[in-house]
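The structure appears below as structure tokens.
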Amino acid sequence: MSRIHFTRRHCLGVEEARVRIAQVAERLEREFHVVCQWQGNRLAFRRPGASGSIDVGEDAVTLDIRLGLPLSLMRHTIAGRIDDKLTHVLS
């Protein structure tokens, strides 16, 4: 099992950051059949081969993903795409 973990700072406040992360979650549910569930300001998500969470804070978002073996082979590609997306969404 492989992990992707990073924190991205933002200046949006918790409410706006949560709105933006929710929009990304809706797309993931629609396009990749990811199951998402909010628990306070934590978005938990899972799909076959991957699970994790996004914690939305006042000035930072922390992402933690656990990848199963097949997806772990693409860890660097996945991490790069997530990093690009979070940078765009939180700017």
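Residue names in the structure tokens use chain letters A, B, ... in the order shown, residue numbers from 1 in each chain, and ligand numbers from 1 in the order shown.
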
Which polymer residues have any atom within 8 Å of an atom of stretch 35-37 of chain A, counting only C-alpha atoms, with same-chain residues fewer than 3 positions away left out, as a count of residues only?
7

Run DSSP on the backbone and give me the residues of chain A it puts in alpha helix (DSSP H), as a CSV table (one decimal) with C-alpha atoms, in the first residue's frame.
chain,number,residue,atom,x,y,z
A,13,GLY,CA,-11.4,30.6,4.9
A,14,VAL,CA,-13.0,27.3,5.8
A,15,GLU,CA,-16.4,27.9,4.2
A,16,GLU,CA,-15.2,28.8,0.8
A,17,ALA,CA,-12.5,26.1,0.8
A,18,ARG,CA,-15.1,23.6,1.7
A,19,VAL,CA,-17.4,24.7,-1.2
A,20,ARG,CA,-14.5,24.3,-3.6
A,21,ILE,CA,-13.5,20.9,-2.3
A,22,ALA,CA,-17.2,19.8,-2.5
A,23,GLN,CA,-17.3,20.8,-6.2
A,24,VAL,CA,-14.2,18.6,-6.9
A,25,ALA,CA,-15.9,15.8,-4.9
A,26,GLU,CA,-19.0,16.0,-7.0
A,27,ARG,CA,-16.9,15.6,-10.2
A,28,LEU,CA,-15.0,12.6,-8.7
A,29,GLU,CA,-18.3,10.9,-7.8
A,30,ARG,CA,-19.7,11.5,-11.3
A,31,GLU,CA,-16.6,10.7,-13.4
A,32,PHE,CA,-14.7,8.1,-11.3
A,69,LEU,CA,-1.2,-2.0,-5.3
A,70,PRO,CA,-2.5,-1.4,-8.8
A,71,LEU,CA,-2.8,2.4,-8.3
A,72,SER,CA,0.4,2.6,-6.3
A,75,ARG,CA,1.5,7.1,-7.4
A,76,HIS,CA,3.7,9.9,-8.8
A,77,THR,CA,1.3,10.6,-11.7
A,78,ILE,CA,-1.7,10.6,-9.4
A,79,ALA,CA,0.1,12.9,-6.8
A,80,GLY,CA,1.1,15.3,-9.5
A,81,ARG,CA,-2.4,15.6,-10.9
A,82,ILE,CA,-3.9,16.0,-7.4
A,83,ASP,CA,-1.3,18.7,-6.6
A,84,ASP,CA,-2.1,20.6,-9.8
A,85,LYS,CA,-5.9,20.4,-9.2
A,86,LEU,CA,-5.7,21.5,-5.5
A,87,THR,CA,-3.4,24.4,-6.5
A,88,HIS,CA,-5.9,25.5,-9.1
A,89,VAL,CA,-9.0,25.0,-6.9

Point-to-point distance in Å for atom CA of A:Val56 and atom CA of A:His5
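Separation between atom CA of A:His5 and atom CA of A:Val56: 13.9 Å.
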
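You will find atom CA of A:Val61 at 12.1 Å from atom CA of A:Ser91.
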
Would you mind reading off the distance between atom CA of A:Leu73 and atom CA of A:Gln39, one decimal, in Å?
29.7 Å
